[in-house]
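K.L.:
Dropping in structure-v3.tsv, with TSV, C-alpha atoms and all ligand atoms.
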chain	number	residue	atom	x	y	z
A	1	MET	CA	-2.80	22.96	8.31
A	2	ALA	CA	-3.42	21.26	4.94
A	3	LYS	CA	-4.67	17.71	5.24
A	4	ARG	CA	-2.32	14.96	4.11
A	5	PRO	CA	-3.47	13.33	0.83
A	6	LEU	CA	-3.88	9.59	1.38
A	7	ILE	CA	-4.93	6.54	-0.63
A	8	ILE	CA	-5.63	3.23	1.09
A	9	ASP	CA	-5.13	0.02	-0.86
A	10	CYS	CA	-6.79	-2.90	0.92
A	11	ASP	CA	-8.50	-6.31	0.86
A	12	PRO	CA	-11.23	-6.12	3.55
A	13	GLY	CA	-11.06	-8.36	5.65
A	14	ALA	CA	-12.02	-7.52	9.23
A	15	ASP	CA	-8.77	-5.83	10.21
A	16	ASP	CA	-8.73	-3.84	6.95
A	17	ALA	CA	-12.28	-2.70	7.72
A	18	VAL	CA	-11.26	-1.48	11.19
A	19	ALA	CA	-8.37	0.39	9.57
A	20	LEU	CA	-10.82	2.04	7.14
A	21	LEU	CA	-13.09	3.11	10.01
A	22	LEU	CA	-10.10	4.53	11.91
A	23	THR	CA	-9.34	6.65	8.83
A	24	LEU	CA	-12.96	7.63	8.16
A	25	ALA	CA	-13.74	8.76	11.72
A	26	PRO	CA	-14.94	12.38	11.81
A	27	GLY	CA	-12.29	15.05	12.27
A	28	GLN	CA	-9.38	13.12	10.83
A	29	GLU	CA	-6.19	14.66	9.49
A	30	PHE	CA	-6.24	13.02	6.05
A	31	ASP	CA	-7.56	14.09	2.71
A	32	LEU	CA	-8.64	10.54	1.80
A	33	LEU	CA	-8.54	10.64	-2.02
A	34	GLY	CA	-9.80	7.11	-2.47
A	35	ILE	CA	-9.75	3.47	-1.48
A	36	THR	CA	-8.51	0.84	-3.93
A	37	THR	CA	-9.22	-2.83	-3.37
A	38	VAL	CA	-7.35	-5.94	-4.37
A	39	ALA	CA	-7.90	-9.68	-4.24
A	40	GLY	CA	-6.47	-11.08	-1.03
A	41	ASN	CA	-8.34	-12.14	2.10
A	42	VAL	CA	-11.28	-12.90	-0.19
A	43	PRO	CA	-11.78	-12.51	-3.96
A	44	LEU	CA	-11.97	-9.01	-5.45
A	45	ALA	CA	-15.76	-8.90	-5.76
A	46	HIS	CA	-16.00	-9.26	-1.97
A	47	THR	CA	-13.16	-6.87	-1.06
A	48	TYR	CA	-14.69	-4.22	-3.35
A	49	ALA	CA	-18.21	-4.67	-1.95
A	50	ASN	CA	-16.89	-4.75	1.62
A	51	ALA	CA	-14.94	-1.49	1.25
A	52	ARG	CA	-18.04	0.21	-0.17
A	53	ARG	CA	-20.22	-1.13	2.65
A	54	VAL	CA	-17.74	0.08	5.27
A	55	CYS	CA	-17.91	3.54	3.69
A	56	ALA	CA	-21.71	3.35	3.88
A	57	LEU	CA	-21.48	2.38	7.56
A	58	ALA	CA	-19.23	5.41	8.16
A	59	ARG	CA	-21.50	7.60	6.00
A	60	ALA	CA	-18.41	8.60	4.03
A	61	GLU	CA	-18.47	9.63	0.37
A	62	VAL	CA	-15.05	8.35	-0.70
A	63	PRO	CA	-14.27	6.93	-4.17
A	64	VAL	CA	-13.77	3.15	-3.97
A	65	LEU	CA	-12.13	1.48	-6.96
A	66	ALA	CA	-11.66	-2.20	-7.73
A	67	GLY	CA	-8.10	-3.10	-8.71
A	68	CYS	CA	-6.42	-6.39	-9.62
A	69	PRO	CA	-8.37	-9.66	-9.32
A	70	ARG	CA	-5.30	-11.88	-8.87
A	71	PRO	CA	-1.58	-11.76	-8.03
A	72	LEU	CA	1.04	-11.11	-10.73
A	73	VAL	CA	2.24	-14.71	-11.10
A	74	HIS	CA	0.64	-17.06	-8.59
A	75	SER	CA	-3.00	-18.03	-8.39
A	76	LEU	CA	-4.92	-16.33	-5.58
A	77	THR	CA	-4.66	-17.65	-2.01
A	78	THR	CA	-7.46	-16.40	0.27
A	79	ALA	CA	-8.04	-16.36	4.05
A	80	GLU	CA	-11.73	-17.14	4.62
A	81	ALA	CA	-10.74	-19.18	7.69
A	82	ILE	CA	-9.72	-15.92	9.40
A	83	HIS	CA	-12.22	-13.44	7.94
A	84	GLY	CA	-15.30	-15.53	7.13
A	85	PRO	CA	-16.74	-16.53	3.73
A	86	THR	CA	-17.32	-12.97	2.48
A	87	GLY	CA	-14.42	-11.34	4.36
A	88	LEU	CA	-16.57	-9.52	6.91
A	89	ALA	CA	-18.39	-12.08	9.01
A	90	GLY	CA	-20.30	-11.43	12.20
A	91	ALA	CA	-22.22	-8.16	11.67
A	92	GLU	CA	-24.79	-6.80	9.23
A	93	LEU	CA	-23.60	-3.90	7.06
A	94	PRO	CA	-25.57	-1.34	5.06
A	95	GLU	CA	-25.66	-1.74	1.28
A	96	PRO	CA	-23.12	0.43	-0.59
A	97	SER	CA	-24.40	3.99	-0.85
A	98	GLN	CA	-22.48	4.82	-4.04
A	99	PRO	CA	-22.81	3.28	-7.51
A	100	PRO	CA	-19.74	1.33	-8.73
A	101	LEU	CA	-17.10	3.57	-10.35
A	102	ASP	CA	-15.91	2.83	-13.86
A	103	CYS	CA	-12.16	3.26	-13.29
A	104	HIS	CA	-9.62	0.53	-12.53
A	105	GLY	CA	-7.91	0.87	-9.15
A	106	VAL	CA	-4.46	0.85	-10.78
A	107	ASP	CA	-5.42	3.71	-13.10
A	108	PHE	CA	-6.87	5.61	-10.15
A	109	LEU	CA	-3.54	5.27	-8.30
A	110	ILE	CA	-1.63	6.46	-11.37
A	111	ASN	CA	-4.00	9.36	-12.06
A	112	GLN	CA	-4.04	10.57	-8.48
A	113	CYS	CA	-0.26	10.40	-8.12
A	114	SER	CA	0.25	12.12	-11.50
A	115	GLN	CA	-2.27	14.90	-10.89
A	116	ALA	CA	-1.86	15.61	-7.19
A	117	GLY	CA	-0.47	19.00	-6.29
A	118	GLN	CA	1.62	17.39	-3.56
A	119	PRO	CA	3.09	13.90	-3.06
A	120	ILE	CA	0.61	11.31	-1.83
A	121	THR	CA	0.86	8.97	1.15
A	122	LEU	CA	-0.11	5.36	0.46
A	123	ALA	CA	-1.29	2.91	3.09
A	124	THR	CA	-1.25	-0.68	1.82
A	125	LEU	CA	-3.15	-3.30	3.80
A	126	GLY	CA	-3.24	-6.23	1.39
A	127	PRO	CA	-1.17	-7.97	-1.29
A	128	LEU	CA	0.81	-5.31	-3.17
A	129	THR	CA	-0.48	-6.17	-6.65
A	130	ASN	CA	-2.17	-2.82	-7.38
A	131	LEU	CA	0.82	-0.66	-6.43
A	132	ALA	CA	3.25	-2.95	-8.27
A	133	VAL	CA	1.21	-2.78	-11.48
A	134	ALA	CA	0.90	1.01	-11.13
A	135	LEU	CA	4.69	1.31	-10.76
A	136	ILE	CA	5.25	-0.96	-13.77
A	137	LYS	CA	2.69	0.86	-15.92
A	138	CYS	CA	3.81	4.36	-14.97
A	139	PRO	CA	7.25	4.46	-13.28
A	140	PRO	CA	7.30	8.27	-12.82
A	141	ILE	CA	4.60	8.01	-10.12
A	142	ALA	CA	7.36	6.85	-7.75
A	143	THR	CA	8.46	10.48	-7.48
A	144	GLN	CA	4.93	11.55	-6.48
A	145	ILE	CA	4.70	9.22	-3.49
A	146	ALA	CA	5.54	10.89	-0.18
A	147	GLN	CA	5.52	7.70	1.85
A	148	VAL	CA	4.27	4.11	1.61
A	149	VAL	CA	3.35	2.39	4.85
A	150	VAL	CA	2.95	-1.34	4.23
A	151	MET	CA	1.33	-3.98	6.43
A	152	GLY	CA	3.28	-6.99	5.38
A	153	GLY	CA	6.20	-9.24	6.08
A	154	SER	CA	7.72	-10.67	9.22
A	155	LEU	CA	11.21	-10.64	10.66
A	156	GLY	CA	10.32	-13.86	12.49
A	157	PRO	CA	8.05	-16.75	11.47
A	158	GLY	CA	5.22	-16.30	9.00
A	159	ASN	CA	1.49	-16.75	9.53
A	160	ILE	CA	0.42	-18.38	6.25
A	161	THR	CA	3.54	-20.58	6.00
A	162	PRO	CA	6.45	-20.99	8.43
A	163	ALA	CA	8.41	-18.61	6.20
A	164	ALA	CA	5.94	-15.94	5.09
A	165	GLU	CA	3.36	-13.41	6.16
A	166	PHE	CA	0.06	-13.54	4.22
A	167	ASN	CA	0.27	-10.32	2.14
A	168	PHE	CA	3.84	-11.04	1.00
A	169	TYR	CA	3.05	-14.72	0.39
A	170	VAL	CA	-0.02	-14.04	-1.75
A	171	ASP	CA	1.87	-11.81	-4.18
A	172	PRO	CA	5.61	-12.02	-3.50
A	173	HIS	CA	6.47	-10.65	-6.96
A	174	ALA	CA	4.40	-7.52	-6.34
A	175	ALA	CA	6.00	-7.09	-2.91
A	176	ARG	CA	9.39	-7.35	-4.56
A	177	VAL	CA	8.52	-4.73	-7.20
A	178	VAL	CA	7.40	-2.31	-4.46
A	179	VAL	CA	10.36	-3.00	-2.17
A	180	GLU	CA	12.81	-2.52	-5.06
A	181	ALA	CA	11.18	0.69	-6.35
A	182	GLY	CA	13.23	2.98	-4.13
A	183	LEU	CA	10.15	4.44	-2.42
A	184	PRO	CA	10.17	5.97	1.08
A	185	LEU	CA	8.90	2.75	2.64
A	186	THR	CA	7.85	1.88	6.18
A	187	LEU	CA	7.14	-1.76	6.96
A	188	ILE	CA	4.81	-2.91	9.72
A	189	GLY	CA	5.02	-6.67	9.92
A	190	LEU	CA	3.92	-9.47	12.21
A	191	ASP	CA	6.62	-8.60	14.75
A	192	VAL	CA	4.59	-5.47	15.49
A	193	THR	CA	1.03	-6.62	14.85
A	194	HIS	CA	1.36	-9.69	17.08
A	195	GLN	CA	1.75	-7.23	19.97
A	196	VAL	CA	-1.66	-5.62	19.21
A	197	LEU	CA	-4.09	-8.29	20.44
A	198	THR	CA	-7.88	-8.34	20.52
A	199	THR	CA	-8.31	-9.41	24.15
A	200	PRO	CA	-11.87	-9.84	25.51
A	201	GLU	CA	-11.42	-6.65	27.60
A	202	ARG	CA	-10.50	-4.64	24.51
A	203	LEU	CA	-13.42	-6.03	22.50
A	204	ALA	CA	-15.73	-5.05	25.35
A	205	ARG	CA	-14.46	-1.44	25.06
A	206	PHE	CA	-15.47	-1.37	21.37
A	207	ALA	CA	-18.90	-2.76	22.22
A	208	ALA	CA	-19.29	-0.11	24.92
A	209	LEU	CA	-18.59	2.85	22.61
A	210	GLY	CA	-22.34	3.33	22.29
A	211	ASN	CA	-22.58	3.57	18.52
A	212	ARG	CA	-23.17	1.19	15.64
A	213	VAL	CA	-19.53	1.35	14.51
A	214	GLY	CA	-18.30	0.15	17.92
A	215	GLN	CA	-20.85	-2.69	17.99
A	216	THR	CA	-19.93	-3.72	14.47
A	217	VAL	CA	-16.18	-3.74	15.17
A	218	ALA	CA	-16.73	-5.79	18.35
A	219	ARG	CA	-18.75	-8.35	16.36
A	220	TRP	CA	-16.23	-8.56	13.50
A	221	LEU	CA	-13.31	-8.96	15.85
A	222	ALA	CA	-15.04	-11.55	18.04
A	223	HIS	CA	-15.38	-13.70	14.90
A	224	TYR	CA	-11.97	-12.79	13.44
A	225	GLY	CA	-10.31	-13.73	16.73
A	226	GLN	CA	-11.45	-17.33	16.61
A	227	GLY	CA	-8.50	-19.56	15.96
A	228	GLU	CA	-5.70	-17.12	15.16
A	229	GLY	CA	-4.85	-16.19	18.75
A	230	ASP	CA	-5.23	-19.82	19.86
A	231	ARG	CA	-2.74	-20.93	17.27
A	232	TYR	CA	-0.06	-18.69	18.75
A	233	GLY	CA	-1.09	-19.23	22.39
A	234	LEU	CA	-2.07	-15.55	22.62
A	235	PRO	CA	-4.97	-14.02	24.58
A	236	GLY	CA	-6.47	-12.57	21.38
A	237	ALA	CA	-5.94	-12.24	17.63
A	238	PRO	CA	-3.32	-9.90	16.11
A	239	LEU	CA	-5.00	-6.72	14.81
A	240	HIS	CA	-2.72	-6.13	11.82
A	241	ASP	CA	-3.96	-3.45	9.43
A	242	PRO	CA	-5.12	-0.69	11.82
A	243	CYS	CA	-1.46	-0.44	12.88
A	244	VAL	CA	-0.69	1.22	9.52
A	245	ILE	CA	-3.22	4.01	10.08
A	246	ALA	CA	-2.23	4.30	13.75
A	247	TYR	CA	1.37	4.75	12.59
A	248	LEU	CA	0.34	7.56	10.24
A	249	LEU	CA	-1.67	9.26	12.98
A	250	GLN	CA	0.70	8.69	15.88
A	251	PRO	CA	4.14	7.48	14.76
A	252	ASP	CA	5.53	7.87	18.29
A	253	LEU	CA	3.56	4.74	19.27
A	254	PHE	CA	6.00	2.73	17.14
A	255	SER	CA	9.75	2.22	17.06
A	256	GLY	CA	11.97	0.59	14.49
A	257	ARG	CA	15.19	0.79	12.57
A	258	PRO	CA	16.35	1.41	9.01
A	259	MET	CA	16.99	-1.96	7.39
A	260	TYR	CA	17.95	-3.57	4.14
A	261	LEU	CA	14.76	-5.26	2.95
A	262	ALA	CA	14.08	-7.85	0.24
A	263	VAL	CA	11.37	-10.39	-0.56
A	264	GLU	CA	11.98	-14.00	-1.64
A	265	THR	CA	10.20	-14.88	-4.88
A	266	ASP	CA	12.01	-17.92	-6.23
A	267	SER	CA	11.94	-20.57	-3.51
A	268	ARG	CA	9.06	-22.98	-2.87
A	269	LEU	CA	9.48	-23.29	0.91
A	270	SER	CA	10.38	-19.62	1.41
A	271	ARG	CA	7.96	-17.99	-1.06
A	272	GLY	CA	7.25	-14.44	0.20
A	273	ARG	CA	9.81	-14.60	2.99
A	274	THR	CA	10.96	-11.23	4.35
A	275	ILE	CA	14.72	-10.84	4.18
A	276	ALA	CA	15.78	-7.97	6.43
A	277	THR	CA	18.79	-6.83	8.39
A	278	PRO	CA	19.62	-3.67	10.35
A	279	TYR	CA	23.32	-4.42	9.81
A	280	LEU	CA	23.94	-2.26	6.77
A	281	THR	CA	26.79	-2.38	4.27
A	282	PRO	CA	27.36	-0.66	0.90
A	283	GLU	CA	26.10	-3.85	-0.75
A	284	TYR	CA	23.04	-4.03	1.54
A	285	PRO	CA	21.99	-0.42	2.26
A	286	ALA	CA	18.86	0.70	4.11
A	287	THR	CA	15.82	0.36	1.85
A	288	ALA	CA	13.02	0.64	4.43
A	289	GLN	CA	12.17	1.76	7.91
A	290	VAL	CA	11.11	-1.49	9.61
A	291	MET	CA	9.00	-1.22	12.75
A	292	GLU	CA	9.74	-3.60	15.60
A	293	GLU	CA	7.92	-2.40	18.72
A	294	VAL	CA	4.55	-0.80	19.41
A	295	ASP	CA	2.67	0.65	22.35
A	296	ALA	CA	-0.32	-1.68	21.87
A	297	GLU	CA	-2.49	-0.03	24.50
A	298	GLY	CA	-1.80	3.31	22.79
A	299	VAL	CA	-3.07	1.88	19.48
A	300	TYR	CA	-6.29	0.72	21.18
A	301	GLU	CA	-6.75	4.06	22.97
A	302	LEU	CA	-6.44	5.76	19.58
A	303	LEU	CA	-9.00	3.36	18.06
A	304	TRP	CA	-11.52	3.86	20.88
A	305	GLU	CA	-11.14	7.63	20.84
A	306	ARG	CA	-11.51	7.86	17.05
A	307	LEU	CA	-14.37	5.36	16.67
A	308	ALA	CA	-16.30	7.04	19.50
A	309	ARG	CA	-16.41	10.11	17.25
A	310	PHE	CA	-18.95	8.38	15.00
A	311	GLY	CA	-21.27	9.08	17.94
A	312	GLU	CA	-24.82	10.16	17.21
A	313	GLY	CA	-24.39	10.25	13.42
A	314	VAL	CA	-23.85	6.51	13.07
A	315	ARG	CA	-25.89	5.12	15.94
A	316	GLY	CA	-27.23	1.58	15.46
B	401	LIG	C1	-2.48	-9.60	6.77
B	401	LIG	O1	-3.17	-10.67	6.15
B	401	LIG	C2	-4.55	-10.43	6.14
B	401	LIG	O2	-5.27	-11.56	6.50
B	401	LIG	C3	-4.81	-9.27	7.06
B	401	LIG	O3	-5.86	-8.48	6.57
B	401	LIG	C4	-3.50	-8.52	7.07
B	401	LIG	O4	-3.45	-7.54	6.06
B	401	LIG	C5	-1.77	-10.15	7.99
B	401	LIG	O5	-0.86	-11.13	7.63
B	402	CA	CA	-5.43	-6.87	4.84
Just dump the structure as C-alpha cells.
P.N.:
Amino acid sequence: MAKRPLIIDCDPGADDAVALLLTLAPGQEFDLLGITTVAGNVPLAHTYANARRVCALARAEVPVLAGCPRPLVHSLTTAEAIHGPTGLAGAELPEPSQPPLDCHGVDFLINQCSQAGQPITLATLGPLTNLAVALIKCPPIATQIAQVVVMGGSLGPGNITPAAEFNFYVDPHAARVVVEAGLPLTLIGLDVTHQVLTTPERLARFAALGNRVGQTVARWLAHYGQGEGDRYGLPGAPLHDPCVIAYLLQPDLFSGRPMYLAVETDSRLSRGRTIATPYLTPEYPATAQVMEEVDAEGVYELLWERLARFGEGVRG
C-alpha cells in the first residue's frame, strides 16, 4: 500500500520531539515529506535546531525547514518553564546531520501541497502560524490537504491562561484562519491530552527500551514532567503532541464528535479560547472532528512498540 504523505509542523519542545520520534521510527506508514518548525515553546532558532537534532538522533534524512519566527499579531509567548531553556532539556543530542535548507517553511508547505500527486496529511503540534500564512499566501492549497490533525485548544479550562490552551493562545489569529479555512480538521485538545500522563511507571518503560532513543525520551519527560502534573494534581505531565501521531496511526484509540469550532481572537481575558459545541444548527454547523476520549495505555503501548524499533541502529 502507498505510504501516506505527511508534513509535521512543530515547535520542539519535549512532547513535539517524542511525536517526531514516533513518526520517524523504522517501518512507519508515512511518507514524511518534511518537518516545518515555528516559534512557540521556544524561539524559532531553538525549535529549528531541535527538530534537526531529533532527526539526527533518529538517523533520519528528512527535510527540516524553519518557518515563522513570531505569531501573526501578538508578540511571542514561550514555555521554557515546561520545556527548559532550549526546549529540549535533560538529555544530550547529536548535532544536526544535515546542513540548513534555504527554503522558508511556509513556502515548503505551499510547494509540497501544490506539487504532490495526492493530497497531503498535516500534523500540527505548535502555534498554527505557518499553516495560516500558507493558506493566506496560496489559498488553493486547501484543496490539496487530505486532513489536518491539530494539537490545540481545550473544551474545558486552558493551560496557559484559565481560558486558553498554549498553541491557540500564542497565535489565536492563525488558529482562527486555519479553523475557518474549511479544511478536514481533527482537533486533539487538552481534554484528550490530560488523559495521557507521564507516570513514573511509564517513564521507566521508556528507559527500559534498551536503546538511546528510549533513554533520551525518559530523560526529556522526567524534566518536562516537573511542575505541570503537580499543578493539576495529576500523577504525571500531559503528553500532548504524540497524541496527534498516535491518532494518525491508530485512530480507534480515540473517540470524539463532530462539532462547530471557533477561536476567540478579540477578547483580552479569553484570547485563544476554544469555542466548540456538538449541538449543531444551520448557523453553527460541524467544522471539525473534536476528540474527547483516548485509550491512554494504548497510546503508550504504541509509543513503546514503535520506539523499541530504533533498536540496534540507534543504541546509546
Ligand atoms: C501544547 O503546548 C506546548 O507546550 C506543547 O508542545 C503542546 O503542543 C500543549 O498546550
Ligand atoms: Ca508543541
K.L.:
What lies within 9 Å of A:Cys243 using all atoms listed in the file, ignoring chain neighbours under 6 positions off, as a PyMOL selection string?
P.N.:
chain A and resi 19+151+188+192-193+196+294+299
K.L.:
Could you write those residues out with C-alpha atoms, as a CSV table (one decimal), in the frame of the given file?
P.N.:
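File produced: again.csv:
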chain,number,residue,atom,x,y,z
A,19,ALA,CA,-8.4,0.4,9.6
A,151,MET,CA,1.3,-4.0,6.4
A,188,ILE,CA,4.8,-2.9,9.7
A,192,VAL,CA,4.6,-5.5,15.5
A,193,THR,CA,1.0,-6.6,14.8
A,196,VAL,CA,-1.7,-5.6,19.2
A,294,VAL,CA,4.6,-0.8,19.4
A,299,VAL,CA,-3.1,1.9,19.5
K.L.:
Nearest to ligand LIG 401 (chain B) among A:Glu228, A:Asp241, A:Glu305, A:Glu61, with distances taken over only C-alpha atoms and all ligand atoms: which residue is it?
P.N.:
A:Asp241
K.L.:
Mind listing the residues within 9 Å of ligand CA 402 (chain B), all atoms listed in the file counted, as a PyMOL selection string?
P.N.:
chain A and resi 9-17+40-41+124-127+151-152+166-167+240-241
K.L.:
At a cut-off of 8 Å, can you tabulate as a tab-separated table every residue of stretch 212-261 of chain A near stretch 81-97 of chain A together with its closest atom pair and the distance in Å to one decimal, using only C-alpha atoms and ordering rows by chain then number?
P.N.:
residue	atom	partner	partner_atom	distance
A:Thr216	CA	A:Ala91	CA	5.7
A:Arg219	CA	A:Gly90	CA	5.4
A:Trp220	CA	A:Gly90	CA	5.1
A:Ala222	CA	A:Gly90	CA	7.9
A:His223	CA	A:Gly90	CA	6.1
A:Tyr224	CA	A:His83	CA	5.5
A:Gly225	CA	A:Ile82	CA	7.7
A:Gln226	CA	A:Ile82	CA	7.5
A:Gly227	CA	A:Ile82	CA	7.6
A:Glu228	CA	A:Ile82	CA	7.1
K.L.:
Output C-alpha atoms for every residue in that selection, as an mmCIF file, in the coordinates of the input.
P.N.:
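The result, written out as selection-v1.cif:
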data_model
loop_
_atom_site.group_PDB
_atom_site.id
_atom_site.type_symbol
_atom_site.label_atom_id
_atom_site.label_comp_id
_atom_site.auth_asym_id
_atom_site.auth_seq_id
_atom_site.Cartn_x
_atom_site.Cartn_y
_atom_site.Cartn_z
ATOM 1 C CA THR A 216 -19.930 -3.720 14.470
ATOM 2 C CA ARG A 219 -18.750 -8.350 16.360
ATOM 3 C CA TRP A 220 -16.230 -8.560 13.500
ATOM 4 C CA ALA A 222 -15.040 -11.550 18.040
ATOM 5 C CA HIS A 223 -15.380 -13.700 14.900
ATOM 6 C CA TYR A 224 -11.970 -12.790 13.440
ATOM 7 C CA GLY A 225 -10.310 -13.730 16.730
ATOM 8 C CA GLN A 226 -11.450 -17.330 16.610
ATOM 9 C CA GLY A 227 -8.500 -19.560 15.960
ATOM 10 C CA GLU A 228 -5.700 -17.120 15.160
#
K.L.:
Which residue is closest to A:Met259? Choose from A:Ala204, A:Ala134, A:Ala276, A:Ala296 and count all atoms listed in the file.
P.N.:
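Checking each of A:Ala204, A:Ala134, A:Ala276, A:Ala296 against A:Met259, counting all atoms listed in the file, the winner is A:Ala276.
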K.L.:
Neighbouring residues of stretch 34-38 of chain A were defined as those with any atom within 7 Å, considering only C-alpha atoms; residues of the same chain fewer than 6 positions away were excluded. Please report them as a PyMOL selection string.
P.N.:
chain A and resi 7-11+44+47-48+62-69+105+130
K.L.:
Distance atom CA of A:Tyr247-atom CA of A:Ala123, one decimal place?
P.N.:
10.0 Å
K.L.:
Restricting the calculation to only C-alpha atoms, which member of A:Ile120, A:Leu76, A:Cys55, A:Met1 is positioned closest to A:Val42?
P.N.:
A:Leu76
K.L.:
Name the residues in contact with A:Ala163 at a cut-off of 10 Å, using only C-alpha atoms, excluding same-chain residues fewer than 4 positions from it; report them as a ChimeraX atom specification.
P.N.:
/A:153-159,169,264,269-274
K.L.:
Go through A:Leu72, A:Ala39, A:Leu6, A:Ala116 one by one, measure the shortest atom-to-atom distance of each to ligand LIG 401 (chain B) using only C-alpha atoms and all ligand atoms, and give the residue with the smallest value.
P.N.:
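Among A:Leu72, A:Ala39, A:Leu6, A:Ala116, it is A:Ala39 that comes nearest to ligand LIG 401 (chain B).
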K.L.:
Could you jot down the atom CA of A:Leu234 to atom CA of A:Met291 separation for me, Å, one decimal place?
P.N.:
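A separation of 20.6 Å between them.
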K.L.:
Check the smallest atom-to-atom distance from each of A:Thr287, A:Ser75, A:Thr199, A:Thr121 to A:Ala142 using all atoms listed in the file, then report the winner.
P.N.:
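The answer is A:Thr121, which sits nearest to A:Ala142.
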K.L.:
Kindly reconstruct stretch 228-244 of chain A with N, CA and C atoms and present the result as a tab-separated table (two decimals), in the coordinates of the input.
P.N.:
chain	number	residue	atom	x	y	z
A	228	GLU	N	-7.04	-17.65	15.42
A	228	GLU	CA	-5.70	-17.12	15.16
A	228	GLU	C	-4.90	-16.95	16.45
A	229	GLY	N	-5.54	-16.35	17.47
A	229	GLY	CA	-4.85	-16.19	18.75
A	229	GLY	C	-4.49	-17.54	19.36
A	230	ASP	N	-5.45	-18.49	19.28
A	230	ASP	CA	-5.23	-19.82	19.86
A	230	ASP	C	-3.98	-20.47	19.27
A	231	ARG	N	-3.85	-20.29	17.97
A	231	ARG	CA	-2.74	-20.93	17.27
A	231	ARG	C	-1.39	-20.49	17.83
A	232	TYR	N	-1.32	-19.22	18.23
A	232	TYR	CA	-0.06	-18.69	18.75
A	232	TYR	C	0.00	-18.73	20.28
A	233	GLY	N	-1.06	-19.25	20.93
A	233	GLY	CA	-1.09	-19.23	22.39
A	233	GLY	C	-1.21	-17.83	22.93
A	234	LEU	N	-1.92	-16.96	22.21
A	234	LEU	CA	-2.07	-15.55	22.62
A	234	LEU	C	-3.47	-15.32	23.17
A	235	PRO	N	-3.64	-14.28	24.01
A	235	PRO	CA	-4.97	-14.02	24.58
A	235	PRO	C	-5.94	-13.33	23.63
A	236	GLY	N	-5.58	-13.17	22.37
A	236	GLY	CA	-6.47	-12.57	21.38
A	236	GLY	C	-5.80	-12.68	20.02
A	237	ALA	N	-6.50	-12.17	18.98
A	237	ALA	CA	-5.94	-12.24	17.63
A	237	ALA	C	-5.12	-10.98	17.34
A	238	PRO	N	-4.08	-11.08	16.50
A	238	PRO	CA	-3.32	-9.90	16.11
A	238	PRO	C	-4.16	-8.98	15.22
A	239	LEU	N	-4.22	-7.70	15.59
A	239	LEU	CA	-5.00	-6.72	14.81
A	239	LEU	C	-4.02	-5.98	13.88
A	240	HIS	N	-3.83	-6.56	12.68
A	240	HIS	CA	-2.72	-6.13	11.82
A	240	HIS	C	-2.92	-4.74	11.22
A	241	ASP	N	-3.92	-4.61	10.34
A	241	ASP	CA	-3.96	-3.45	9.43
A	241	ASP	C	-4.20	-2.09	10.10
A	242	PRO	N	-4.96	-2.00	11.19
A	242	PRO	CA	-5.12	-0.69	11.82
A	242	PRO	C	-3.79	-0.09	12.29
A	243	CYS	N	-2.78	-0.96	12.46
A	243	CYS	CA	-1.46	-0.44	12.88
A	243	CYS	C	-0.90	0.54	11.85
A	244	VAL	N	-1.21	0.33	10.57
A	244	VAL	CA	-0.69	1.22	9.52
A	244	VAL	C	-1.27	2.63	9.69
